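Chemist: This one is target-v9.txt, compact mmCIF, C-alpha atoms.
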```txt
# COMPACT_ATOMS: atom_id res chain seq x y z
CA MET I 1 -56.65 -17.50 4.01
CA ALA I 2 -58.43 -19.13 6.86
CA GLY I 3 -61.13 -21.48 5.70
CA SER I 4 -64.60 -21.44 7.15
CA THR I 5 -63.90 -24.58 9.13
CA GLN I 6 -60.70 -23.15 10.58
CA THR I 7 -60.50 -20.77 13.51
CA VAL I 8 -57.89 -18.04 13.49
CA SER I 9 -55.79 -19.79 16.10
CA GLU I 10 -55.94 -23.01 14.08
CA TYR I 11 -54.89 -21.07 11.02
CA ILE I 12 -51.91 -19.62 12.84
CA THR I 13 -50.87 -22.92 14.38
CA HIS I 14 -51.19 -24.57 11.01
CA HIS I 15 -48.84 -22.04 9.50
CA LEU I 16 -46.30 -22.51 12.27
CA THR I 17 -46.13 -26.28 11.95
CA ASN I 18 -43.37 -27.83 9.92
CA LEU I 19 -43.82 -30.77 7.62
CA THR I 20 -42.14 -33.27 9.92
CA PHE I 21 -40.97 -36.76 9.10
CA GLY I 22 -39.88 -38.74 12.09
CA LYS I 23 -40.11 -41.73 14.35
CA LEU I 24 -43.18 -41.99 16.53
CA PRO I 25 -42.51 -43.85 19.76
CA GLY I 26 -44.14 -47.26 20.32
CA GLY I 27 -47.65 -47.18 21.75
CA PHE I 28 -48.37 -43.66 20.53
CA ALA I 29 -52.05 -43.13 19.72
CA ARG I 30 -52.27 -41.22 16.43
CA ALA I 31 -54.91 -38.66 15.57
CA ASP I 32 -56.69 -41.05 13.18
CA GLY I 33 -57.14 -43.58 16.01
CA THR I 34 -54.41 -46.06 15.05
CA VAL I 35 -51.82 -46.99 17.65
CA VAL I 36 -48.14 -47.22 16.73
CA GLY I 37 -46.55 -50.64 17.22
CA SER I 38 -43.97 -51.25 19.95
CA ASP I 39 -41.01 -50.64 17.59
CA GLY I 40 -42.19 -47.16 16.74
CA ALA I 41 -42.81 -46.03 13.19
CA TRP I 42 -41.26 -43.56 10.73
CA VAL I 43 -44.11 -41.44 9.44
CA PHE I 44 -45.04 -37.91 8.48
CA ALA I 45 -46.37 -36.18 11.57
CA ASP I 46 -50.01 -35.22 11.44
CA GLY I 47 -49.80 -32.01 13.40
CA GLY I 48 -47.84 -30.46 16.20
CA THR I 49 -48.50 -33.01 18.92
CA GLU I 50 -47.19 -35.90 16.83
CA ALA I 51 -44.17 -33.85 15.80
CA ALA I 52 -43.47 -33.09 19.45
CA ALA I 53 -43.82 -36.77 20.34
CA MET I 54 -41.17 -37.66 17.79
CA GLY I 55 -38.54 -35.83 19.81
CA PHE I 56 -35.09 -35.56 18.30
CA TYR I 57 -35.53 -38.30 15.71
CA ALA I 58 -37.50 -36.20 13.30
CA ILE I 59 -36.65 -34.02 10.40
CA HIS I 60 -38.40 -30.92 9.12
CA VAL I 61 -38.69 -31.94 5.51
CA ASP I 62 -39.92 -28.54 4.37
CA SER I 63 -37.17 -26.55 6.10
CA MET I 64 -34.56 -28.98 4.88
CA LEU I 65 -35.72 -29.02 1.27
CA TRP I 66 -36.19 -25.26 1.02
CA SER I 67 -32.88 -24.64 2.72
CA ILE I 68 -30.94 -27.05 0.52
CA GLY I 69 -32.85 -25.89 -2.53
CA LEU I 70 -31.94 -22.28 -1.86
CA GLY I 71 -28.35 -23.32 -1.17
CA ILE I 72 -28.30 -25.02 -4.55
CA VAL I 73 -29.75 -21.89 -6.15
CA PHE I 74 -26.92 -19.92 -4.58
CA CYS I 75 -24.28 -22.40 -5.76
CA TRP I 76 -25.78 -22.60 -9.23
CA ILE I 77 -25.98 -18.85 -9.76
CA PHE I 78 -22.56 -18.13 -8.38
CA ARG I 79 -20.92 -21.09 -10.08
CA SER I 80 -22.37 -20.18 -13.46
CA VAL I 81 -21.05 -16.66 -13.02
CA ALA I 82 -17.68 -17.89 -11.77
CA LYS I 83 -17.37 -20.06 -14.87
CA LYS I 84 -17.81 -17.21 -17.30
CA ALA I 85 -16.09 -14.59 -15.17
CA GLU I 86 -13.20 -13.01 -17.03
CA SER I 87 -11.36 -9.77 -16.91
CA GLY I 88 -13.43 -8.16 -19.65
CA VAL I 89 -16.34 -5.80 -19.18
CA PRO I 90 -18.89 -7.48 -16.88
CA SER I 91 -22.60 -7.25 -17.55
CA GLY I 92 -25.93 -8.16 -16.03
CA LEU I 93 -25.83 -11.02 -13.59
CA VAL I 94 -22.02 -11.08 -13.51
CA ASN I 95 -22.07 -7.49 -12.33
CA GLY I 96 -24.53 -8.22 -9.56
CA VAL I 97 -22.69 -11.29 -8.36
CA GLU I 98 -19.37 -9.48 -8.41
CA MET I 99 -20.90 -6.65 -6.44
CA VAL I 100 -21.98 -9.10 -3.73
CA VAL I 101 -18.59 -10.82 -3.76
CA GLU I 102 -16.75 -7.53 -3.52
CA PHE I 103 -19.00 -6.37 -0.70
CA VAL I 104 -18.36 -9.57 1.25
CA ASP I 105 -14.67 -9.43 0.46
CA ASN I 106 -14.41 -5.87 1.77
CA THR I 107 -16.32 -6.73 4.93
CA VAL I 108 -14.03 -9.69 5.57
CA ARG I 109 -10.93 -7.58 4.91
CA ASP I 110 -12.14 -4.92 7.32
CA THR I 111 -13.00 -7.33 10.11
CA PHE I 112 -10.75 -10.33 9.77
CA HIS I 113 -7.03 -9.71 9.92
CA GLY I 114 -5.63 -13.22 9.90
CA HIS I 115 -4.81 -15.37 6.91
CA ASN I 116 -7.48 -17.93 6.29
CA LYS I 117 -8.79 -18.92 2.90
CA LEU I 118 -11.97 -20.29 4.45
CA ILE I 119 -13.38 -17.11 5.97
CA ALA I 120 -14.32 -15.18 2.84
CA PRO I 121 -16.12 -18.04 1.02
CA LEU I 122 -17.78 -18.94 4.32
CA ALA I 123 -18.98 -15.37 4.75
CA LEU I 124 -20.24 -15.27 1.17
CA THR I 125 -22.13 -18.53 1.60
CA VAL I 126 -23.63 -17.41 4.89
CA PHE I 127 -24.67 -14.04 3.55
CA VAL I 128 -26.26 -15.15 0.29
CA TRP I 129 -27.79 -18.30 1.68
CA VAL I 130 -29.37 -16.56 4.67
CA LEU I 131 -30.50 -13.74 2.42
CA LEU I 132 -32.23 -16.18 0.08
CA MET I 133 -33.83 -18.02 3.00
CA ASN I 134 -35.05 -14.73 4.48
CA LEU I 135 -36.37 -13.60 1.12
CA MET I 136 -38.82 -16.48 1.17
CA ASP I 137 -40.58 -14.48 3.85
CA LEU I 138 -41.82 -12.08 1.17
CA VAL I 139 -43.64 -14.83 -0.73
CA PRO I 140 -47.32 -14.48 0.12
CA ILE I 141 -47.89 -16.59 3.15
CA ASP I 142 -50.59 -18.87 1.79
CA LEU I 143 -49.36 -19.21 -1.78
CA VAL I 144 -47.02 -22.18 -1.60
CA PRO I 145 -48.68 -24.11 1.29
CA LYS I 146 -52.10 -23.85 -0.38
CA PHE I 147 -50.69 -24.89 -3.74
CA LEU I 148 -48.95 -27.91 -2.22
CA GLU I 149 -52.05 -28.83 -0.25
CA VAL I 150 -54.37 -28.64 -3.24
CA VAL I 151 -52.05 -30.22 -5.80
CA PHE I 152 -50.05 -32.74 -3.76
CA GLY I 153 -52.09 -33.08 -0.57
CA VAL I 154 -49.20 -31.92 1.60
CA HIS I 155 -50.78 -30.50 4.73
CA PHE I 156 -47.97 -28.59 6.37
CA GLN I 157 -45.45 -26.33 4.78
CA LYS I 158 -43.19 -23.60 6.13
CA ILE I 159 -41.30 -22.10 3.25
CA VAL I 160 -39.02 -19.79 5.24
CA PRO I 161 -36.18 -21.98 6.52
CA SER I 162 -34.76 -19.23 8.72
CA THR I 163 -37.93 -19.26 10.84
CA ASP I 164 -36.93 -22.76 11.90
CA PRO I 165 -34.52 -22.67 14.88
CA ASN I 166 -32.99 -25.93 13.68
CA ILE I 167 -31.80 -24.22 10.53
CA THR I 168 -30.40 -21.09 12.17
CA LEU I 169 -28.89 -22.99 15.09
CA GLY I 170 -27.49 -25.57 12.67
CA MET I 171 -25.52 -22.87 10.94
CA ALA I 172 -24.58 -21.25 14.25
CA VAL I 173 -23.31 -24.56 15.61
CA GLY I 174 -21.33 -25.02 12.42
CA VAL I 175 -19.72 -21.65 13.02
CA PHE I 176 -19.19 -22.56 16.68
CA ILE I 177 -17.32 -25.72 15.74
CA LEU I 178 -15.10 -23.68 13.45
CA MET I 179 -14.53 -21.21 16.30
CA LEU I 180 -13.41 -23.99 18.62
CA TYR I 181 -11.25 -25.56 15.91
CA TYR I 182 -9.42 -22.36 15.09
CA SER I 183 -9.13 -21.32 18.73
CA ILE I 184 -7.34 -24.55 19.52
CA LYS I 185 -5.36 -24.55 16.30
CA VAL I 186 -4.16 -20.95 16.60
CA LYS I 187 -3.82 -20.55 20.34
CA GLY I 188 -3.22 -24.12 21.44
CA PHE I 189 -2.84 -24.14 25.19
CA GLY I 190 -3.41 -20.39 25.17
CA PHE I 191 -7.07 -21.11 24.55
CA VAL I 192 -7.34 -23.00 27.83
CA LYS I 193 -5.47 -20.22 29.50
CA GLU I 194 -7.81 -17.67 28.00
CA LEU I 195 -10.79 -19.57 29.37
CA SER I 196 -9.37 -20.09 32.84
CA MET I 197 -7.24 -17.03 33.58
CA THR I 198 -9.45 -14.20 32.33
CA PRO I 199 -10.89 -11.90 33.48
CA PHE I 200 -9.31 -12.54 36.94
CA ASN I 201 -5.70 -13.45 36.52
CA HIS I 202 -5.25 -15.50 39.66
CA TRP I 203 -5.27 -19.26 40.17
CA ALA I 204 -7.89 -19.05 42.92
CA PHE I 205 -10.41 -17.62 40.45
CA ILE I 206 -10.03 -20.40 37.89
CA PRO I 207 -13.48 -21.92 38.54
CA VAL I 208 -15.16 -18.50 38.37
CA ASN I 209 -13.24 -17.61 35.23
CA LEU I 210 -14.03 -20.95 33.59
CA PHE I 211 -17.72 -20.58 34.32
CA MET I 212 -17.90 -17.03 33.02
CA GLU I 213 -15.83 -17.65 29.91
CA ILE I 214 -17.64 -20.83 28.97
CA VAL I 215 -21.02 -19.18 29.37
CA GLY I 216 -19.74 -16.32 27.23
CA LEU I 217 -18.41 -18.75 24.66
CA LEU I 218 -21.63 -20.74 24.49
CA ALA I 219 -23.68 -17.56 24.28
CA LYS I 220 -22.10 -16.76 20.94
CA PRO I 221 -23.62 -19.52 18.80
CA PHE I 222 -26.93 -19.26 20.61
CA SER I 223 -27.22 -15.53 20.15
CA LEU I 224 -26.10 -15.93 16.55
CA GLY I 225 -28.71 -18.53 15.71
CA LEU I 226 -31.53 -17.25 17.84
CA ARG I 227 -31.19 -13.64 16.67
CA LEU I 228 -31.81 -14.65 13.08
CA PHE I 229 -34.55 -17.06 14.06
CA GLY I 230 -36.26 -14.54 16.34
CA ASN I 231 -36.29 -11.74 13.80
CA LEU I 232 -37.58 -13.86 10.97
CA TYR I 233 -40.03 -15.76 13.13
CA ALA I 234 -41.49 -12.51 14.40
CA GLY I 235 -41.67 -11.19 10.87
CA GLU I 236 -43.45 -14.27 9.63
CA MET I 237 -45.78 -14.17 12.62
CA ILE I 238 -46.87 -10.64 11.75
CA PHE I 239 -47.44 -11.70 8.15
CA ILE I 240 -49.61 -14.57 9.39
CA LEU I 241 -51.59 -12.26 11.67
CA ILE I 242 -52.14 -9.79 8.85
CA ALA I 243 -53.25 -12.65 6.61
CA ALA I 244 -55.64 -13.76 9.35
CA LEU I 245 -57.00 -10.23 9.46
CA PHE I 246 -58.27 -10.64 5.90
CA SER I 247 -60.72 -13.23 7.15
CA ALA I 248 -62.13 -10.89 9.77
CA GLY I 249 -64.60 -9.40 7.33
CA ALA I 250 -64.77 -7.22 4.22
CA LEU I 251 -64.27 -4.10 6.32
CA TRP I 252 -60.79 -5.27 7.28
CA MET I 253 -59.61 -5.90 3.74
CA VAL I 254 -58.25 -2.41 3.11
CA PRO I 255 -56.41 -1.92 6.43
CA ALA I 256 -55.04 -5.44 6.20
CA GLY I 257 -53.79 -4.77 2.69
CA LEU I 258 -52.13 -1.55 3.79
CA LEU I 259 -50.59 -3.29 6.77
CA GLN I 260 -49.32 -6.05 4.54
CA VAL I 261 -47.62 -3.55 2.23
CA ALA I 262 -46.19 -1.58 5.14
CA TRP I 263 -44.85 -4.66 6.88
CA GLY I 264 -43.50 -6.02 3.60
CA ILE I 265 -41.58 -2.80 3.01
CA PHE I 266 -40.26 -2.80 6.55
CA HIS I 267 -39.29 -6.41 6.14
CA LEU I 268 -37.33 -5.55 3.03
CA LEU I 269 -34.96 -3.82 5.43
CA VAL I 270 -34.93 -6.61 7.98
CA ILE I 271 -34.16 -9.36 5.46
CA PRO I 272 -30.78 -8.14 4.20
CA LEU I 273 -29.95 -6.63 7.57
CA GLN I 274 -30.30 -9.95 9.37
CA ALA I 275 -28.32 -11.73 6.67
CA PHE I 276 -25.62 -9.08 7.00
CA ILE I 277 -25.57 -9.32 10.81
CA PHE I 278 -25.28 -13.09 10.65
CA MET I 279 -22.36 -12.79 8.25
CA VAL I 280 -20.58 -10.06 10.21
CA LEU I 281 -20.93 -11.90 13.52
CA THR I 282 -19.65 -15.07 11.89
CA ILE I 283 -16.58 -13.17 10.73
CA VAL I 284 -16.13 -11.41 14.06
CA TYR I 285 -16.37 -14.64 16.08
CA LEU I 286 -13.91 -16.39 13.81
CA SER I 287 -11.64 -13.38 13.92
CA MET I 288 -11.68 -13.54 17.74
CA ALA I 289 -10.81 -17.21 17.52
CA HIS I 290 -7.73 -16.27 15.49
CA GLU I 291 -6.50 -13.53 17.80
CA ASP I 292 -3.77 -14.69 20.10
CA HIS I 293 -3.23 -12.38 23.05
CA MET X 1 -40.28 -25.57 17.10
CA ASN X 2 -38.60 -28.76 18.20
CA ILE X 3 -34.88 -29.21 17.98
CA ASN X 4 -34.32 -32.37 15.97
CA LEU X 5 -32.32 -33.99 13.19
CA THR X 6 -32.95 -30.95 10.99
CA LEU X 7 -30.17 -29.25 12.93
CA ILE X 8 -27.68 -31.93 11.94
CA GLY X 9 -28.98 -31.90 8.38
CA GLN X 10 -28.55 -28.16 8.14
CA MET X 11 -25.00 -28.43 9.50
CA VAL X 12 -24.09 -30.99 6.87
CA ALA X 13 -25.67 -28.89 4.12
CA PHE X 14 -23.85 -25.84 5.48
CA VAL X 15 -20.48 -27.58 5.31
CA CYS X 16 -21.19 -28.82 1.77
CA PHE X 17 -22.19 -25.40 0.47
CA VAL X 18 -19.29 -23.65 2.13
CA MET X 19 -16.87 -26.17 0.66
CA PHE X 20 -18.43 -25.81 -2.78
CA CYS X 21 -18.21 -22.06 -2.52
CA MET X 22 -14.63 -22.23 -1.33
CA LYS X 23 -13.56 -24.51 -4.14
CA TYR X 24 -15.59 -23.53 -7.18
CA VAL X 25 -17.03 -20.08 -6.61
CA TRP X 26 -14.68 -17.85 -4.67
CA PRO X 27 -11.30 -18.44 -6.34
CA PRO X 28 -12.36 -17.96 -9.99
CA LEU X 29 -14.47 -14.92 -9.16
CA LEU X 30 -11.75 -13.26 -7.15
CA ALA X 31 -9.14 -14.14 -9.76
CA ALA X 32 -11.25 -12.61 -12.50
CA MET X 33 -11.87 -9.50 -10.44
CA ALA X 34 -8.22 -9.11 -9.51
CA GLU X 35 -7.23 -9.56 -13.13
CA ARG X 36 -9.73 -6.93 -14.23
CA GLU X 37 -8.46 -4.58 -11.56
CA LYS X 38 -4.94 -5.03 -12.84
CA LYS X 39 -6.07 -4.57 -16.42
CA ILE X 40 -7.83 -1.34 -15.56
CA ALA X 41 -4.82 -0.09 -13.63
CA ASP X 42 -2.59 -1.00 -16.56
CA GLY X 43 -4.97 0.70 -18.93
CA LEU X 44 -4.99 3.87 -16.90
CA ALA X 45 -1.21 3.83 -16.64
CA ALA X 46 -0.97 3.27 -20.38
CA ALA X 47 -3.35 6.16 -20.99
CA ASP X 48 -1.22 8.39 -18.79
CA ARG X 49 1.88 7.29 -20.58
CA ALA X 50 0.23 7.82 -23.93
CA SER X 51 -0.83 11.35 -23.12
CA HIS X 52 2.66 12.08 -21.89
CA ASP X 53 4.08 10.58 -25.07
CA LEU X 54 1.67 12.66 -27.09
CA GLU X 55 2.89 15.79 -25.38
CA LEU X 56 6.48 14.85 -26.09
CA ALA X 57 5.66 14.02 -29.68
CA GLN X 58 3.92 17.33 -30.14
CA GLU X 59 6.90 19.15 -28.76
CA LYS X 60 9.18 17.19 -31.03
CA ALA X 61 6.95 17.84 -34.00
CA VAL X 62 7.02 21.57 -33.36
CA GLU X 63 10.77 21.45 -33.09
CA ARG X 64 11.07 19.44 -36.29
CA LEU X 65 8.81 21.87 -38.06
CA LYS X 66 10.94 24.75 -36.96
CA ASP X 67 14.09 22.95 -38.11
CA ALA X 68 12.49 22.12 -41.40
CA LYS X 69 11.48 25.72 -41.94
CA HIS X 70 15.01 26.81 -41.19
CA GLU X 71 16.43 24.28 -43.53
CA ALA X 72 14.01 25.17 -46.26
CA ALA X 73 14.86 28.82 -45.89
CA SER X 74 18.55 28.10 -46.09
CA ILE X 75 18.05 25.86 -49.09
CA VAL X 76 16.08 28.55 -50.90
CA ASP X 77 18.78 31.02 -49.96
CA ALA X 78 21.51 28.81 -51.29
CA ALA X 79 19.54 28.14 -54.44
CA ASN X 80 19.05 31.85 -54.99
CA LYS X 81 22.73 32.45 -54.49
CA ARG X 82 23.63 29.65 -56.80
CA GLY X 83 21.24 30.94 -59.42
CA ALA X 84 22.73 34.39 -59.25
CA GLN X 85 26.16 32.87 -59.48
CA LEU X 86 25.15 30.83 -62.50
CA VAL X 87 23.77 33.88 -64.23
CA GLU X 88 26.95 35.76 -63.47
CA GLU X 89 29.08 32.92 -64.78
CA ALA X 90 27.00 32.66 -67.91
CA LYS X 91 27.34 36.37 -68.47
CA GLN X 92 31.08 36.19 -68.09
CA ALA X 93 31.30 33.19 -70.37
CA ALA X 94 29.25 35.02 -72.96
CA VAL X 95 31.52 38.04 -72.78
CA VAL X 96 34.60 35.87 -73.13
CA GLU X 97 33.05 34.00 -76.03
CA ALA X 98 32.05 37.20 -77.70
CA ASP X 99 35.57 38.56 -77.32
CA ARG X 100 36.97 35.38 -78.69
CA VAL X 101 34.66 35.40 -81.68
CA LYS X 102 35.42 39.01 -82.24
CA ALA X 103 39.16 38.36 -82.10
CA ALA X 104 38.82 35.44 -84.47
CA ALA X 105 36.84 37.60 -86.86
CA HIS X 106 39.45 40.30 -86.67
CA ALA X 107 42.19 37.80 -87.32
CA GLU X 108 40.34 36.39 -90.27
CA ILE X 109 39.70 39.84 -91.68
CA GLU X 110 43.36 40.67 -91.26
CA GLN X 111 44.30 37.48 -92.95
CA GLU X 112 41.89 38.08 -95.81
CA SER X 113 43.13 41.58 -96.32
CA ASN X 114 46.72 40.40 -96.21
CA ARG X 115 45.93 37.73 -98.71
CA ALA X 116 44.20 40.30 -100.91
CA LYS X 117 47.19 42.61 -100.58
CA GLU X 118 49.49 39.80 -101.53
CA GLN X 119 47.37 39.05 -104.54
CA LEU X 120 47.19 42.67 -105.50
CA ARG X 121 50.91 42.97 -105.11
CA GLY X 122 51.43 40.08 -107.45
CA GLN X 123 49.05 41.54 -109.95
CA VAL X 124 50.62 45.02 -109.60
CA ALA X 125 54.03 43.52 -110.37
CA ALA X 126 52.69 41.85 -113.44
CA LEU X 127 50.92 45.07 -114.46
CA ALA X 128 54.04 47.11 -113.86
CA LEU X 129 56.06 44.75 -115.92
CA ALA X 130 53.57 44.82 -118.71
CA GLY X 131 53.45 48.60 -118.53
CA ALA X 132 57.17 48.88 -118.50
CA GLU X 133 57.43 46.56 -121.49
CA LYS X 134 55.02 48.72 -123.39
CA VAL X 135 56.84 51.83 -122.38
CA LEU X 136 60.25 50.49 -123.21
CA GLY X 137 59.10 48.63 -126.21
CA ALA X 138 61.35 45.93 -125.57
CA GLU X 139 61.13 42.92 -123.72
CA ILE X 140 62.52 42.98 -120.38
CA ASP X 141 64.09 39.92 -119.27
CA ARG X 142 62.03 38.93 -116.38
CA SER X 143 64.64 36.96 -114.73
CA ALA X 144 67.18 39.79 -115.15
CA HIS X 145 64.98 42.27 -113.51
CA ALA X 146 63.27 39.99 -111.10
CA GLU X 147 65.03 41.52 -108.17
CA LEU X 148 63.98 44.98 -109.13
CA VAL X 149 60.39 44.03 -109.75
CA ASP X 150 60.07 42.17 -106.44
CA LYS X 151 61.48 45.15 -104.68
CA LEU X 152 58.92 47.33 -106.37
CA ALA X 153 56.11 45.01 -105.49
CA ALA X 154 57.19 44.89 -101.87
CA GLU X 155 57.13 48.62 -101.72
CA LEU X 156 53.51 48.77 -102.83
```
Before anything else, please render the file you have as structure tokens.
Modeler:
Amino acid sequence: MAGSTQTVSEYITHHLTNLTFGKLPGGFARADGTVVGSDGAWVFADGGTEAAAMGFYAIHVDSMLWSIGLGIVFCWIFRSVAKKAESGVPSGLVNGVEMVVEFVDNTVRDTFHGHNKLIAPLALTVFVWVLLMNLMDLVPIDLVPKFLEVVFGVHFQKIVPSTDPNITLGMAVGVFILMLYYSIKVKGFGFVKELSMTPFNHWAFIPVNLFMEIVGLLAKPFSLGLRLFGNLYAGEMIFILIAALFSAGALWMVPAGLLQVAWGIFHLLVIPLQAFIFMVLTIVYLSMAHEDH
Amino acid sequence: MNINLTLIGQMVAFVCFVMFCMKYVWPPLLAAMAEREKKIADGLAAADRASHDLELAQEKAVERLKDAKHEAASIVDAANKRGAQLVEEAKQAAVVEADRVKAAAHAEIEQESNRAKEQLRGQVAALALAGAEKVLGAEIDRSAHAELVDKLAAEL
């Protein structure tokens, strides 16, 4: 909740700032008055302006740790189930995990018609990982950041990795690289032909075709990553606004609480849906990369 | 909201997790699930087969039962026949035995009476001789009249 010394806009900005570790450029005047030496310095950013000044050579420690942590949770749960999986009667966690695996397997079978051992595990990883990252959105917005601030003195914390475009685009670019790899591997020169000779099959249109196809190709990873980011970012934003509403006075407590519940329930739909969409599009894009015309 | 090294970091993490999943998660899970599927299919097939077998066995059992009843009936029949036959045979044997005993008894009686007759004849001869001696008052030479006396005795 917004403290007395914090305005609402400060509260919101605070919640949208990642814990960033990066290299400040030489000569940068920090918020506490010190000036960075000419070689630059690797430090934790103290707010959005410093993070912006770091440019590319910075890392969102919170996004990274939560993302990897959730990935490890996924691996741990699924590996422990895989180890004790046998053909007997499944129970409890095994049942749940097998349900997810079967669901992913069916989706892959329906969409992807080539033979590739990578696609199904990739889809499973994408689905469960993104789902776990999205689920962090349901953790009360102030709980973890406040806890970390009070106990460890960490000032910034975003616990939903999928509201960080770096995370979603990182996965999308990973998928994009796989798309390019399989396009070239499966189609060979046909891939170049596909880019240059469609949709207008005439040599004079090659530049037009190339432009259109390359834009279309590049749009895929961007739409993939930004769709997930946009949905979750918007969701988190609403949660932050509702949380800010609590500070608007005792009168607002009840409507804010109701809004919180309503948005939480609505978000319960968005969370798996976005994970599912990300998985399905990953499969579809890779399936297109495998289709030789 | 800046694009930075996090993107690269996430890509690396992504690759690692996908590879882990591909190597250690997916194959054993799918193998276990496929095996269970097969087991269930086998089980269902076995159940089908078993119910079919049961039907066959029931049919066979009914047939056997019928055969057994038939056989039992025929055995009882045969036994009855044999019993009647045995009784008949025993009766016949008894009749034969009785006849035989009767015949033997008759023969013995005949023999006894013959023997008694013989004895009596002998005694009658002696009596006749003695009577004749008394009547004649003289001794009759037995040897001289032996032929006559024997003749007399035989006529008795």
Chemist: Using only C-alpha atoms, which chain X residues lie at most 7 Å away from chain I, written as a PyMOL selection string?
Modeler: chain X and resi 1-8+10-11+13-14+17-18+21-22+24-26+28-29+32-33+35-36
Chemist: As an exercise, work out the distance from CA of Val284 in chain I to CA of Glu236 in chain I in Å and give it to one decimal place.
Modeler: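 Computing it gives 27.8 Å between the two atoms.
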Chemist: Might you pull out every residue within 12 Å of Ala128 in chain X, with all atoms listed in the file counted and same-chain residues fewer than 5 positions away left off, and present them as a list of chain:residue names?
Modeler: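 Near Ala128 in chain X, the qualifying residues are X:Leu120, X:Arg121, X:Gly122, X:Gln123, X:Glu133, X:Lys134, X:Val135, X:Leu136, X:Ile140, X:Arg142, X:His145, X:Ala146, X:Leu148, X:Val149, X:Asp150, X:Lys151, X:Leu152, X:Ala153, X:Leu156.
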Chemist: Just want the 8 Å neighbourhood of Phe127 in chain I, counted on all atoms listed in the file, with same-chain residues fewer than 3 positions away dropped. Output as a PyMOL selection string.
Modeler: chain I and resi 123-124+130-131+275-276+278-279
Chemist: Between CA of Ser162 in chain I and CA of Tyr233 in chain I, what is the distance, to one decimal in Å?
Modeler: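 Going from CA of Ser162 in chain I over to CA of Tyr233 in chain I covers 7.7 Å.
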Chemist: Could you list, as a count of residues only, every residue within 12 Å of Phe211 in chain I, counting all atoms listed in the file and ignoring same-chain residues fewer than 6 positions away?
Modeler: 9
Chemist: Could you check how far CA of Ala72 in chain X sits from CA of Leu86 in chain X, in Å to one decimal?
Modeler: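 Separating CA of Ala72 in chain X from CA of Leu86 in chain X is a distance of 20.5 Å.
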Chemist: Using all atoms listed in the file, find the one residue out of I:Asn116, I:Ser247, I:Thr34, I:Asn95 that sits nearest to Val8 in chain I.
Modeler: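 Answer, going by the shortest atom-to-atom distance: I:Ser247.
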Chemist: Please provide as an MDAnalysis selection string all residues within 7 Å of Thr111 in chain I, with the sequence filter that same-chain residues fewer than 3 positions apart are discarded (counting all atoms listed in the file).
Modeler: chainID I and resid 107:108 283:284
Chemist: Nearest residue to Ala45 in chain I out of I:His267, I:His115, I:Arg109, I:His155, using all atoms listed in the file?
Modeler: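 Ranking I:His267, I:His115, I:Arg109, I:His155 by distance to Ala45 in chain I, first place goes to I:His155.
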